[in-house]
file target_0.txt (compact mmCIF, C-alpha atoms and all ligand atoms)
# COMPACT_ATOMS: atom_id res chain seq x y z
CA MET Z 20 10.98 20.76 -1.29
CA ASP Z 21 12.46 20.12 -4.74
CA ASP Z 22 12.65 16.48 -5.75
CA LEU Z 23 16.18 17.01 -7.15
CA LEU Z 24 16.54 13.41 -8.30
CA ARG Z 25 12.98 13.46 -9.75
CA LEU Z 26 12.32 10.21 -7.97
CA ASP Z 27 8.57 10.66 -7.90
CA ASP Z 28 8.61 11.00 -11.72
CA ARG Z 29 8.92 7.24 -11.62
CA LEU Z 30 5.54 6.89 -9.92
CA THR Z 31 2.48 6.13 -12.03
CA ALA Z 32 -0.43 8.57 -12.17
CA ASP Z 33 -2.37 6.34 -9.72
CA GLN Z 34 0.56 6.25 -7.30
CA ARG Z 35 0.87 10.03 -7.46
CA LEU Z 36 -2.83 10.38 -6.77
CA ILE Z 37 -2.44 8.19 -3.66
CA ARG Z 38 0.56 10.29 -2.60
CA ASP Z 39 -1.35 13.55 -2.95
CA THR Z 40 -4.48 12.20 -1.25
CA VAL Z 41 -2.58 10.90 1.78
CA LYS Z 42 -0.46 14.05 1.95
CA SER Z 43 -3.52 16.26 2.11
CA PHE Z 44 -5.16 13.97 4.70
CA VAL Z 45 -2.04 14.25 6.86
CA SER Z 46 -1.86 17.98 6.40
CA ASP Z 47 -5.57 18.52 7.32
CA ARG Z 48 -6.26 15.80 9.88
CA ILE Z 49 -2.90 15.04 11.53
CA LEU Z 50 -0.33 17.82 11.48
CA PRO Z 51 -2.40 20.46 13.27
CA TYR Z 52 -3.04 18.08 16.20
CA VAL Z 53 -0.28 15.50 16.42
CA GLY Z 54 2.02 17.56 18.65
CA ASP Z 55 -0.77 17.69 21.24
CA TRP Z 56 -1.53 13.97 20.90
CA PHE Z 57 2.16 13.26 21.42
CA GLU Z 58 2.28 15.51 24.47
CA GLU Z 59 -0.91 13.97 25.90
CA ALA Z 60 0.20 10.44 24.93
CA ARG Z 61 -2.94 9.56 23.02
CA PHE Z 62 -3.94 8.43 19.56
CA PRO Z 63 -7.58 9.00 18.55
CA ALA Z 64 -7.87 5.65 16.82
CA ARG Z 65 -11.67 5.39 16.79
CA GLU Z 66 -11.94 8.74 14.98
CA LEU Z 67 -9.09 8.16 12.56
CA ALA Z 68 -9.61 4.48 11.67
CA PRO Z 69 -12.86 5.03 9.66
CA ALA Z 70 -11.23 7.97 7.86
CA LEU Z 71 -8.18 5.87 7.01
CA GLY Z 72 -10.54 3.07 5.94
CA SER Z 73 -12.54 5.32 3.65
CA LEU Z 74 -9.30 6.36 1.93
CA GLY Z 75 -8.59 2.65 1.30
CA LEU Z 76 -5.42 2.69 3.43
CA LEU Z 77 -6.20 -0.26 5.73
CA GLY Z 78 -4.97 -3.52 4.22
CA MET Z 79 -4.52 -1.51 1.04
CA HIS Z 80 -2.19 -3.98 -0.70
CA LEU Z 81 -4.50 -6.97 -0.06
CA GLN Z 82 -6.93 -8.23 -2.71
CA GLY Z 83 -10.64 -8.79 -2.04
CA TYR Z 84 -12.69 -8.43 1.16
CA ASP Z 85 -13.21 -4.69 0.48
CA CYS Z 86 -9.45 -4.01 0.53
CA ALA Z 87 -8.05 -1.57 -2.04
CA GLY Z 88 -5.78 -4.17 -3.68
CA THR Z 89 -3.07 -1.72 -4.76
CA ASP Z 90 0.48 -2.54 -5.80
CA ALA Z 91 3.32 -2.52 -3.28
CA VAL Z 92 4.80 0.81 -4.40
CA SER Z 93 1.43 2.48 -3.78
CA TYR Z 94 1.35 1.01 -0.28
CA GLY Z 95 4.89 2.27 0.26
CA VAL Z 96 4.07 5.77 -0.97
CA ALA Z 97 1.10 5.88 1.42
CA CYS Z 98 3.35 4.80 4.32
CA ARG Z 99 5.87 7.50 3.39
CA GLU Z 100 3.24 10.23 3.47
CA LEU Z 101 1.65 8.89 6.70
CA GLU Z 102 4.97 8.80 8.51
CA ALA Z 103 5.78 12.34 7.33
CA GLY Z 104 2.91 13.07 9.74
CA ASP Z 105 3.97 10.78 12.58
CA SER Z 106 5.47 7.30 12.98
CA GLY Z 107 2.55 6.49 15.30
CA LEU Z 108 0.08 7.01 12.47
CA ARG Z 109 2.08 4.83 10.09
CA SER Z 110 2.46 2.23 12.85
CA PHE Z 111 -1.32 2.11 13.27
CA VAL Z 112 -1.79 1.50 9.54
CA SER Z 113 1.08 -1.02 9.38
CA VAL Z 114 -0.22 -3.02 12.32
CA GLN Z 115 -3.77 -3.02 11.03
CA GLY Z 116 -2.93 -3.94 7.42
CA SER Z 117 0.33 -5.87 7.53
CA LEU Z 118 0.33 -7.49 10.97
CA ALA Z 119 -3.35 -8.12 11.77
CA MET Z 120 -5.18 -8.27 8.42
CA PHE Z 121 -2.36 -9.91 6.41
CA PRO Z 122 -2.16 -13.13 8.49
CA ILE Z 123 -5.95 -13.52 8.40
CA TRP Z 124 -5.94 -12.83 4.64
CA ARG Z 125 -3.00 -15.15 3.94
CA TYR Z 126 -3.49 -17.99 6.43
CA GLY Z 127 -7.08 -17.63 7.66
CA SER Z 128 -10.19 -19.71 6.97
CA ASP Z 129 -12.96 -18.31 4.73
CA GLU Z 130 -15.03 -17.68 7.87
CA GLN Z 131 -12.21 -15.74 9.58
CA LYS Z 132 -11.68 -13.66 6.44
CA GLU Z 133 -15.39 -12.89 6.01
CA GLU Z 134 -15.81 -12.10 9.67
CA TRP Z 135 -12.88 -9.70 10.10
CA LEU Z 136 -11.37 -8.36 6.88
CA PRO Z 137 -14.19 -6.13 5.54
CA ARG Z 138 -14.68 -4.51 8.95
CA MET Z 139 -10.95 -4.04 9.41
CA ALA Z 140 -10.61 -2.54 5.92
CA ALA Z 141 -13.37 -0.08 6.81
CA GLY Z 142 -11.72 0.81 10.12
CA SER Z 143 -14.75 -0.27 12.13
CA ALA Z 144 -12.72 -3.09 13.71
CA ILE Z 145 -9.15 -2.58 14.95
CA GLY Z 146 -6.54 -5.33 15.07
CA CYS Z 147 -3.28 -5.98 16.89
CA PHE Z 148 -0.45 -8.51 16.54
CA GLY Z 149 0.92 -10.31 19.57
CA LEU Z 150 4.33 -11.88 19.08
CA THR Z 151 6.80 -10.21 21.50
CA GLU Z 152 6.79 -11.37 25.13
CA PRO Z 153 8.36 -9.82 28.22
CA ASP Z 154 11.24 -12.35 28.05
CA PHE Z 155 11.39 -12.93 24.28
CA GLY Z 156 11.78 -10.04 21.84
CA SER Z 157 14.50 -10.66 19.25
CA ASP Z 158 14.14 -14.38 19.91
CA PRO Z 159 10.40 -15.03 19.50
CA GLY Z 160 10.91 -18.70 18.69
CA ASN Z 161 11.38 -19.36 22.40
CA MET Z 162 8.04 -17.77 23.36
CA ARG Z 163 6.23 -19.15 26.41
CA THR Z 164 2.61 -18.31 25.57
CA TYR Z 165 0.98 -21.71 25.14
CA ALA Z 166 -2.24 -22.95 23.57
CA LYS Z 167 -3.28 -26.39 24.76
CA LYS Z 168 -5.98 -28.56 23.19
CA ASP Z 169 -9.04 -29.26 25.39
CA GLY Z 170 -11.33 -31.48 23.30
CA SER Z 171 -11.78 -29.43 20.14
CA ASP Z 172 -11.18 -26.13 22.00
CA TRP Z 173 -7.88 -24.41 22.75
CA ILE Z 174 -6.93 -22.97 26.14
CA LEU Z 175 -4.52 -20.03 25.86
CA ASN Z 176 -2.23 -18.90 28.68
CA GLY Z 177 0.64 -16.41 28.70
CA SER Z 178 1.44 -12.79 28.01
CA LYS Z 179 2.70 -10.45 25.29
CA MET Z 180 4.44 -7.12 25.61
CA TRP Z 181 4.85 -3.94 23.55
CA ILE Z 182 1.75 -4.63 21.49
CA THR Z 183 0.71 -1.70 19.29
CA ASN Z 184 -3.08 -1.09 19.42
CA GLY Z 185 -3.39 -3.79 22.12
CA SER Z 186 -5.86 -2.07 24.44
CA ILE Z 187 -7.98 -0.57 21.65
CA ALA Z 188 -8.16 -3.69 19.49
CA ASP Z 189 -11.30 -5.66 18.68
CA VAL Z 190 -9.25 -8.61 17.52
CA ALA Z 191 -5.75 -9.84 18.35
CA VAL Z 192 -3.70 -12.14 16.15
CA VAL Z 193 -1.80 -14.05 18.84
CA TRP Z 194 1.14 -16.37 18.19
CA ALA Z 195 1.51 -19.21 20.68
CA GLN Z 196 3.41 -22.45 21.16
CA THR Z 197 1.30 -25.59 20.77
CA ASP Z 198 2.08 -29.28 20.74
CA GLU Z 199 2.28 -28.89 16.93
CA GLY Z 200 4.66 -25.89 16.94
CA ILE Z 201 3.90 -22.16 16.81
CA ARG Z 202 0.35 -21.40 15.65
CA GLY Z 203 -1.57 -18.17 15.12
CA PHE Z 204 -4.94 -17.54 16.80
CA VAL Z 205 -7.61 -15.01 15.92
CA VAL Z 206 -8.73 -13.82 19.33
CA PRO Z 207 -11.70 -11.46 19.79
CA THR Z 208 -10.59 -9.18 22.61
CA SER Z 209 -14.00 -9.58 24.29
CA THR Z 210 -13.16 -13.24 25.07
CA PRO Z 211 -13.15 -13.87 28.85
CA GLY Z 212 -9.57 -14.20 30.11
CA PHE Z 213 -8.20 -11.49 27.78
CA SER Z 214 -6.83 -8.27 29.26
CA ALA Z 215 -4.68 -5.53 27.71
CA PRO Z 216 -3.38 -2.83 30.05
CA GLU Z 217 -1.74 0.12 28.31
CA ILE Z 218 2.00 0.75 28.72
CA HIS Z 219 2.64 4.29 30.00
CA LYS Z 220 5.67 6.54 30.47
CA LYS Z 221 6.89 6.06 26.88
CA LEU Z 222 9.01 8.91 25.52
CA SER Z 223 8.74 7.62 21.95
CA LEU Z 224 5.70 6.83 19.77
CA ARG Z 225 3.57 8.67 22.29
CA ALA Z 226 0.82 9.19 19.70
CA SER Z 227 0.36 5.42 19.48
CA VAL Z 228 -1.24 2.96 21.87
CA THR Z 229 1.16 0.29 23.20
CA SER Z 230 -0.02 -2.43 25.58
CA SER Z 231 0.68 -5.70 27.27
CA LEU Z 232 -1.66 -8.62 26.56
CA TYR Z 233 -2.56 -11.26 29.16
CA PHE Z 234 -4.29 -14.57 28.44
CA ASP Z 235 -5.66 -16.29 31.50
CA ASP Z 236 -7.19 -19.69 30.65
CA LEU Z 237 -8.69 -18.06 27.59
CA ARG Z 238 -10.93 -20.60 25.83
CA LEU Z 239 -11.05 -20.51 22.04
CA PRO Z 240 -13.02 -22.67 19.61
CA ALA Z 241 -11.18 -24.85 17.09
CA SER Z 242 -12.16 -22.28 14.45
CA ALA Z 243 -9.90 -19.63 16.08
CA VAL Z 244 -6.64 -21.11 14.84
CA LEU Z 245 -5.19 -19.84 11.55
CA PRO Z 246 -5.35 -23.05 9.51
CA GLY Z 247 -2.81 -22.08 6.85
CA VAL Z 248 0.47 -21.94 8.75
CA THR Z 249 2.51 -23.63 11.48
CA GLY Z 250 5.89 -22.45 12.76
CA LEU Z 251 7.77 -19.19 13.04
CA ARG Z 252 7.51 -18.53 9.30
CA GLY Z 253 3.90 -17.40 9.94
CA PRO Z 254 4.73 -14.35 12.10
CA LEU Z 255 7.98 -13.71 10.20
CA SER Z 256 6.08 -13.40 6.92
CA CYS Z 257 3.83 -10.77 8.53
CA LEU Z 258 6.89 -8.88 9.78
CA SER Z 259 8.30 -8.84 6.24
CA GLU Z 260 5.12 -7.08 5.08
CA ALA Z 261 5.28 -4.52 7.88
CA ARG Z 262 9.02 -3.91 7.51
CA PHE Z 263 8.42 -3.03 3.88
CA GLY Z 264 6.11 -0.25 5.08
CA ILE Z 265 8.79 0.97 7.52
CA ILE Z 266 11.40 1.17 4.74
CA TRP Z 267 9.12 3.68 2.98
CA GLY Z 268 7.68 5.30 6.07
CA VAL Z 269 10.94 6.52 7.54
CA VAL Z 270 11.70 8.34 4.29
CA GLY Z 271 8.66 10.48 5.10
CA ALA Z 272 9.86 11.15 8.65
CA ALA Z 273 13.33 12.07 7.35
CA ARG Z 274 11.84 14.36 4.71
CA ALA Z 275 9.68 16.11 7.31
CA CYS Z 276 12.76 16.76 9.47
CA LEU Z 277 14.75 18.00 6.48
CA GLU Z 278 11.94 20.34 5.41
CA ALA Z 279 11.66 21.74 8.93
CA ALA Z 280 15.43 22.27 9.08
CA VAL Z 281 15.63 23.98 5.67
CA SER Z 282 12.78 26.30 6.48
CA TYR Z 283 14.26 27.15 9.89
CA ALA Z 284 17.75 27.67 8.44
CA LYS Z 285 16.39 30.16 5.92
CA THR Z 286 14.70 32.35 8.51
CA ARG Z 287 16.72 32.06 11.73
CA VAL Z 288 19.30 34.87 11.79
CA GLN Z 289 22.49 34.76 13.87
CA PHE Z 290 25.59 36.90 13.35
CA ASP Z 291 23.47 39.01 10.94
CA LYS Z 292 22.93 36.14 8.52
CA PRO Z 293 20.36 33.35 8.12
CA ILE Z 294 22.01 30.27 9.65
CA GLY Z 295 21.36 28.52 6.31
CA ALA Z 296 23.98 30.81 4.77
CA PHE Z 297 26.73 29.28 6.93
CA GLN Z 298 28.67 26.53 5.22
CA LEU Z 299 28.48 24.24 8.25
CA THR Z 300 24.66 24.35 8.11
CA GLN Z 301 24.66 23.78 4.36
CA GLU Z 302 26.88 20.76 4.77
CA LYS Z 303 24.40 19.28 7.24
CA LEU Z 304 21.46 20.02 4.93
CA ALA Z 305 23.23 18.61 1.89
CA TRP Z 306 24.01 15.32 3.64
CA MET Z 307 20.49 15.17 5.06
CA TYR Z 308 19.18 15.52 1.52
CA VAL Z 309 21.56 12.84 0.24
CA GLY Z 310 20.42 10.48 3.00
CA THR Z 311 16.74 11.13 2.37
CA ALA Z 312 17.05 10.67 -1.38
CA GLN Z 313 19.15 7.51 -1.04
CA ALA Z 314 16.60 6.06 1.38
CA GLY Z 315 13.86 6.97 -1.10
CA LEU Z 316 15.74 5.20 -3.90
CA THR Z 317 16.16 2.10 -1.75
CA ALA Z 318 12.45 2.10 -0.93
CA LEU Z 319 11.45 2.47 -4.57
CA HIS Z 320 13.82 -0.25 -5.73
CA LEU Z 321 12.57 -2.69 -3.09
CA GLY Z 322 8.99 -1.74 -3.94
CA GLU Z 323 9.60 -2.58 -7.58
CA LEU Z 324 11.13 -5.92 -6.56
CA LYS Z 325 8.10 -6.62 -4.37
CA ASP Z 326 5.71 -5.84 -7.20
CA ALA Z 327 7.70 -8.23 -9.40
CA GLY Z 328 7.28 -10.92 -6.71
CA GLN Z 329 11.06 -11.01 -6.14
CA LEU Z 330 11.60 -9.34 -2.78
CA GLU Z 331 13.62 -11.47 -0.35
CA PRO Z 332 13.72 -11.15 3.46
CA ARG Z 333 17.43 -10.23 3.45
CA GLN Z 334 16.70 -7.37 1.05
CA ILE Z 335 14.04 -6.18 3.48
CA SER Z 336 16.66 -6.34 6.25
CA PHE Z 337 18.95 -4.20 4.10
CA GLY Z 338 16.20 -1.61 3.65
CA LYS Z 339 15.14 -1.54 7.29
CA LEU Z 340 18.72 -1.30 8.51
CA ALA Z 341 19.80 1.39 6.05
CA ASN Z 342 16.70 3.55 5.97
CA VAL Z 343 15.94 3.69 9.69
CA ARG Z 344 19.57 4.49 10.48
CA ALA Z 345 19.56 7.23 7.82
CA ALA Z 346 16.27 8.70 9.05
CA LEU Z 347 17.43 8.79 12.66
CA ASP Z 348 20.71 10.50 11.69
CA ILE Z 349 18.77 13.05 9.65
CA ALA Z 350 16.36 13.74 12.52
CA ARG Z 351 19.29 14.24 14.92
CA GLN Z 352 21.02 16.64 12.51
CA ALA Z 353 17.77 18.56 12.00
CA ARG Z 354 17.44 18.90 15.74
CA THR Z 355 20.83 20.60 15.97
CA ILE Z 356 19.90 23.07 13.23
CA LEU Z 357 16.82 24.12 15.19
CA GLY Z 358 18.94 24.87 18.25
CA GLY Z 359 16.80 25.27 21.38
CA ASN Z 360 13.65 25.14 19.27
CA GLY Z 361 14.74 21.66 18.27
CA ILE Z 362 13.62 20.30 21.60
CA THR Z 363 10.03 21.57 21.62
CA LEU Z 364 6.87 20.05 20.18
CA GLU Z 365 6.24 23.39 18.42
CA TYR Z 366 8.35 21.83 15.66
CA PRO Z 367 8.04 18.26 14.37
CA VAL Z 368 11.70 17.33 14.65
CA ILE Z 369 12.13 15.98 18.17
CA ARG Z 370 8.83 14.10 17.87
CA HIS Z 371 10.13 12.32 14.75
CA MET Z 372 13.53 11.81 16.37
CA ASN Z 373 12.07 10.19 19.47
CA ASN Z 374 9.64 8.11 17.40
CA LEU Z 375 12.46 6.78 15.25
CA GLU Z 376 14.11 5.33 18.37
CA SER Z 377 11.18 2.88 18.55
CA VAL Z 378 11.27 2.25 14.82
CA LEU Z 379 14.97 1.39 15.19
CA THR Z 380 14.04 -1.31 17.72
CA TYR Z 381 10.71 -2.76 16.60
CA GLU Z 382 10.21 -5.14 13.70
CA GLY Z 383 13.72 -6.48 14.21
CA THR Z 384 16.40 -4.39 15.89
CA GLN Z 385 19.30 -2.88 13.97
CA GLU Z 386 21.51 -5.60 15.41
CA ILE Z 387 19.27 -8.42 14.19
CA HIS Z 388 19.07 -6.98 10.65
CA THR Z 389 22.85 -6.52 10.73
CA LEU Z 390 23.17 -10.22 11.55
CA VAL Z 391 20.85 -11.09 8.64
CA LEU Z 392 23.16 -9.18 6.29
CA GLY Z 393 26.22 -10.67 7.97
CA GLU Z 394 24.85 -14.13 7.30
CA ALA Z 395 23.97 -13.19 3.71
CA LEU Z 396 27.57 -12.05 3.15
CA THR Z 397 29.43 -14.85 4.93
CA GLY Z 398 27.03 -17.77 4.95
CA LEU Z 399 27.67 -17.93 8.71
CA GLY Z 400 24.83 -17.36 11.17
CA ALA Z 401 25.91 -15.34 14.25
CA TYR Z 402 22.59 -15.14 16.11
CA ARG Z 403 23.50 -17.42 18.99
P1 LIG W 1 15.80 -7.65 23.11
O1 LIG W 1 15.49 -8.71 22.14
O2 LIG W 1 15.91 -8.01 24.55
O3 LIG W 1 17.13 -6.92 22.65
C1 LIG W 1 17.87 -6.01 23.49
C2 LIG W 1 19.17 -5.68 22.76
O4 LIG W 1 19.93 -6.87 22.57
C3 LIG W 1 18.92 -5.11 21.37
O5 LIG W 1 19.89 -4.13 21.07
C4 LIG W 1 19.11 -6.32 20.47
O6 LIG W 1 19.46 -5.99 19.15
C5 LIG W 1 20.24 -7.03 21.20
N1 LIG W 1 20.29 -8.44 20.83
C6 LIG W 1 19.37 -9.41 21.04
N2 LIG W 1 19.78 -10.57 20.50
C7 LIG W 1 20.98 -10.32 19.95
C8 LIG W 1 21.92 -11.11 19.21
N3 LIG W 1 21.70 -12.41 18.93
N4 LIG W 1 23.07 -10.51 18.79
C9 LIG W 1 23.30 -9.22 19.03
N5 LIG W 1 22.46 -8.42 19.70
C10 LIG W 1 21.31 -8.97 20.15
N6 LIG W 1 5.93 -6.53 19.17
C11 LIG W 1 4.83 -7.20 18.73
O7 LIG W 1 4.77 -8.42 18.74
N7 LIG W 1 3.73 -6.50 18.27
C12 LIG W 1 3.70 -5.14 18.23
O8 LIG W 1 2.70 -4.55 17.81
C13 LIG W 1 4.86 -4.42 18.71
N8 LIG W 1 4.84 -3.06 18.76
C14 LIG W 1 5.89 -2.39 19.38
C15 LIG W 1 5.80 -1.01 19.60
C16 LIG W 1 6.83 -0.35 20.26
C17 LIG W 1 6.71 1.12 20.57
C18 LIG W 1 8.00 -1.05 20.67
C19 LIG W 1 9.12 -0.34 21.37
C20 LIG W 1 8.09 -2.40 20.45
C21 LIG W 1 7.04 -3.10 19.81
N9 LIG W 1 7.08 -4.49 19.64
C22 LIG W 1 5.97 -5.17 19.17
C23 LIG W 1 8.21 -5.25 20.18
C24 LIG W 1 9.49 -5.17 19.35
O9 LIG W 1 9.35 -5.88 18.16
C25 LIG W 1 10.64 -5.64 20.25
O10 LIG W 1 10.87 -4.60 21.19
C26 LIG W 1 11.89 -5.96 19.46
O11 LIG W 1 11.71 -7.12 18.71
C27 LIG W 1 13.11 -6.13 20.38
O12 LIG W 1 12.82 -6.99 21.42
P2 LIG W 1 13.19 -6.58 22.94
O13 LIG W 1 12.64 -5.21 23.17
O14 LIG W 1 12.72 -7.67 23.81
O15 LIG W 1 14.74 -6.44 22.96

call {"tool": "encode", "arguments": {"input": "target_0.txt", "output": "structure tokens", "more": "lines below"}}
Ligand code: FAD
result
Amino acid sequence: MDDLLRLDDRLTADQRLIRDTVKSFVSDRILPYVGDWFEEARFPARELAPALGSLGLLGMHLQGYDCAGTDAVSYGVACRELEAGDSGLRSFVSVQGSLAMFPIWRYGSDEQKEEWLPRMAAGSAIGCFGLTEPDFGSDPGNMRTYAKKDGSDWILNGSKMWITNGSIADVAVVWAQTDEGIRGFVVPTSTPGFSAPEIHKKLSLRASVTSSLYFDDLRLPASAVLPGVTGLRGPLSCLSEARFGIIWGVVGAARACLEAAVSYAKTRVQFDKPIGAFQLTQEKLAWMYVGTAQAGLTALHLGELKDAGQLEPRQISFGKLANVRAALDIARQARTILGGNGITLEYPVIRHMNNLESVLTYEGTQEIHTLVLGEALTGLGAYR
């Protein structure tokens, strides 16, 4: 599709190379199969992780420890192209890089970094991030999972819910209350007392593994705690990293829906004309294009702020709120243009549409990001 605003002209040659490399990976290794994975509710993580690692996409914006060390816009462009394939694929990469590797990289000890980051960058070890609990989603500060000191060890008890990659992970970054406040723990999933049953019957993000985590008197050495952070700002800083990837990623999902709708509208004939020749269809397509391009502009602007070290959490809330809403509207409009074909997995649209329902909720719901903006505008917090 034409880049009418010539947005990608603003990318550097390196960023364009990353775009083209990820796009061709998605076209060869994801698009021919992802409809089946979605239908079968599976994500072939062990096959894909090393391939994603060899492309430098795991922890790609982190420096050192065999990570690619790219700028933020490059990471965003990669997320955009991954999510044009499927939000489950982008979620895998976001969780690995931004939610599991980032806290180890930012707050971990040298030993934790050496032990996990190179393997995670290569895709030979998979990570997950346990913050949400059955009773605490938008309000993680009240979490019940508790780590208690026993001599120099920690004993972890509690549970987490909706954890992406949970049952396929080699390592879980788990956030728990302690006598000192919320701390992060690097938990090898082989530790006795750890279990991670998969959550089934999802109708969204089906090509993504989602699990509960249970910790039953799980004993951890003193060296398991992330030494560099205490309090909710630890997990929130990880979420800021991952939300940045979502802001870009959903532009890819929206673009994929728009492309499918344009191509369908040009070939589907009703009343002796391609449906794309009807003004009502063109109005939908025009607004879908406007929404996709505006979301792309937002992503690029926030990416440039991030590369300048100036990106603030409330700006990330703006981007997550605006771009996910836009992408979901675009997916829904695309679905109408495809008529009955809009509800089958023969086309990508309903898969993206259903996936975006999860993206709307995870990493801070629309309502929570609305409240962040409301507070930014009024100075008045309305969370409780
Ligand atoms: P709740 O917090 O119970 O919210 C329910 C509704 O109430 C929402 O509409 C919400 O906006 C609204 N609400 C809540 N508080 C307020 C308020 N103060 N004012 C107005 N409205 C309010 N979590 C992880 O830790 N790790 C993961 O890897 C992970 N992966 C996920 C993957 C999927 C597919 C999904 C669906 C979720 C995942 N999550 C993960 C959890 C996700 O972050 C939570 O679902 C999300 O934070 C919302 O929490 P909740 O589902 O408990 O909803």

call {"tool": "residues_near_ligand", "arguments": {"input": "target_0.txt", "ligand": "ligand LIG 1 (chain W)", "cutoff": "7 Å", "atoms": "only C-alpha atoms and all ligand atoms", "output": "ChimeraX atom specification"}}
result
/Z:114,147-151,153-158,180-184,223-224,229,377,380-387,401-403

call {"tool": "write_last_selection", "arguments": {"input": "target_0.txt", "atoms": "C-alpha atoms", "output": "compact mmCIF listing (two decimals), in the frame of the given file"}}
result
# COMPACT_ATOMS: atom_id res chain seq x y z
CA VAL Z 114 -0.22 -3.02 12.32
CA CYS Z 147 -3.28 -5.98 16.89
CA PHE Z 148 -0.45 -8.51 16.54
CA GLY Z 149 0.92 -10.31 19.57
CA LEU Z 150 4.33 -11.88 19.08
CA THR Z 151 6.80 -10.21 21.50
CA PRO Z 153 8.36 -9.82 28.22
CA ASP Z 154 11.24 -12.35 28.05
CA PHE Z 155 11.39 -12.93 24.28
CA GLY Z 156 11.78 -10.04 21.84
CA SER Z 157 14.50 -10.66 19.25
CA ASP Z 158 14.14 -14.38 19.91
CA MET Z 180 4.44 -7.12 25.61
CA TRP Z 181 4.85 -3.94 23.55
CA ILE Z 182 1.75 -4.63 21.49
CA THR Z 183 0.71 -1.70 19.29
CA ASN Z 184 -3.08 -1.09 19.42
CA SER Z 223 8.74 7.62 21.95
CA LEU Z 224 5.70 6.83 19.77
CA THR Z 229 1.16 0.29 23.20
CA SER Z 377 11.18 2.88 18.55
CA THR Z 380 14.04 -1.31 17.72
CA TYR Z 381 10.71 -2.76 16.60
CA GLU Z 382 10.21 -5.14 13.70
CA GLY Z 383 13.72 -6.48 14.21
CA THR Z 384 16.40 -4.39 15.89
CA GLN Z 385 19.30 -2.88 13.97
CA GLU Z 386 21.51 -5.60 15.41
CA ILE Z 387 19.27 -8.42 14.19
CA ALA Z 401 25.91 -15.34 14.25
CA TYR Z 402 22.59 -15.14 16.11
CA ARG Z 403 23.50 -17.42 18.99

call {"tool": "atom_distance", "arguments": {"input": "target_0.txt", "atom1": "CA of Val368 (chain Z)", "atom2": "CA of Cys276 (chain Z)"}}
result
5.3 Å

call {"tool": "atom_distance", "arguments": {"input": "target_0.txt", "atom1": "CA of Glu102 (chain Z)", "atom2": "CA of Lys285 (chain Z)"}}
result
24.4 Å

call {"tool": "axis_aligned_box", "arguments": {"input": "target_0.txt", "around": "region 343-349 of chain Z", "padding_each_side": "5 Å", "output": "JSON"}}
result
{"center_x": 18.3, "center_y": 8.4, "center_z": 10.2, "size_x": 14.8, "size_y": 19.4, "size_z": 14.8}

call {"tool": "closest_residue", "arguments": {"input": "target_0.txt", "among": "Z:Leu232, Z:Ile187, Z:Leu364, Z:Leu77", "to": "Trp56 (chain Z)", "atoms": "all atoms listed in the file"}}
result
Z:Leu364

call {"tool": "residues_around", "arguments": {"input": "target_0.txt", "residues": "region 316-324 of chain Z", "least_positions_apart": "4", "cutoff": "9 Å", "atoms": "only C-alpha atoms", "output": "PDB file with C-alpha atoms, keeping the file's coordinate frame"}}
result
ATOM      1  CA  LEU Z  26      12.320  10.210  -7.970  1.00  0.00           C
ATOM      2  CA  ARG Z  29       8.920   7.240 -11.620  1.00  0.00           C
ATOM      3  CA  ASP Z  90       0.480  -2.540  -5.800  1.00  0.00           C
ATOM      4  CA  ALA Z  91       3.320  -2.520  -3.280  1.00  0.00           C
ATOM      5  CA  VAL Z  92       4.800   0.810  -4.400  1.00  0.00           C
ATOM      6  CA  SER Z  93       1.430   2.480  -3.780  1.00  0.00           C
ATOM      7  CA  TYR Z  94       1.350   1.010  -0.280  1.00  0.00           C
ATOM      8  CA  GLY Z  95       4.890   2.270   0.260  1.00  0.00           C
ATOM      9  CA  VAL Z  96       4.070   5.770  -0.970  1.00  0.00           C
ATOM     10  CA  PHE Z 263       8.420  -3.030   3.880  1.00  0.00           C
ATOM     11  CA  ILE Z 266      11.400   1.170   4.740  1.00  0.00           C
ATOM     12  CA  TRP Z 267       9.120   3.680   2.980  1.00  0.00           C
ATOM     13  CA  VAL Z 270      11.700   8.340   4.290  1.00  0.00           C
ATOM     14  CA  THR Z 311      16.740  11.130   2.370  1.00  0.00           C
ATOM     15  CA  ALA Z 312      17.050  10.670  -1.380  1.00  0.00           C
ATOM     16  CA  GLY Z 328       7.280 -10.920  -6.710  1.00  0.00           C
ATOM     17  CA  GLN Z 329      11.060 -11.010  -6.140  1.00  0.00           C
ATOM     18  CA  LEU Z 330      11.600  -9.340  -2.780  1.00  0.00           C
ATOM     19  CA  GLU Z 331      13.620 -11.470  -0.350  1.00  0.00           C
ATOM     20  CA  GLN Z 334      16.700  -7.370   1.050  1.00  0.00           C
ATOM     21  CA  ILE Z 335      14.040  -6.180   3.480  1.00  0.00           C
ATOM     22  CA  GLY Z 338      16.200  -1.610   3.650  1.00  0.00           C
ATOM     23  CA  ALA Z 341      19.800   1.390   6.050  1.00  0.00           C
ATOM     24  CA  ASN Z 342      16.700   3.550   5.970  1.00  0.00           C
TER      25      ASN Z 342
END

call {"tool": "residues_around", "arguments": {"input": "target_0.txt", "residues": "Asp85 (chain Z)", "least_positions_apart": "5", "cutoff": "8 Å", "atoms": "all atoms listed in the file", "output": "NGL selection string"}}
result
:Z and (136-137 or 140-141)

call {"tool": "residues_near_point", "arguments": {"input": "target_0.txt", "point": "(23.3, -10.6, 7.2)", "cutoff": "9 Å", "atoms": "only C-alpha atoms", "output": "ChimeraX atom specification"}}
result
/Z:333,336-337,387-401
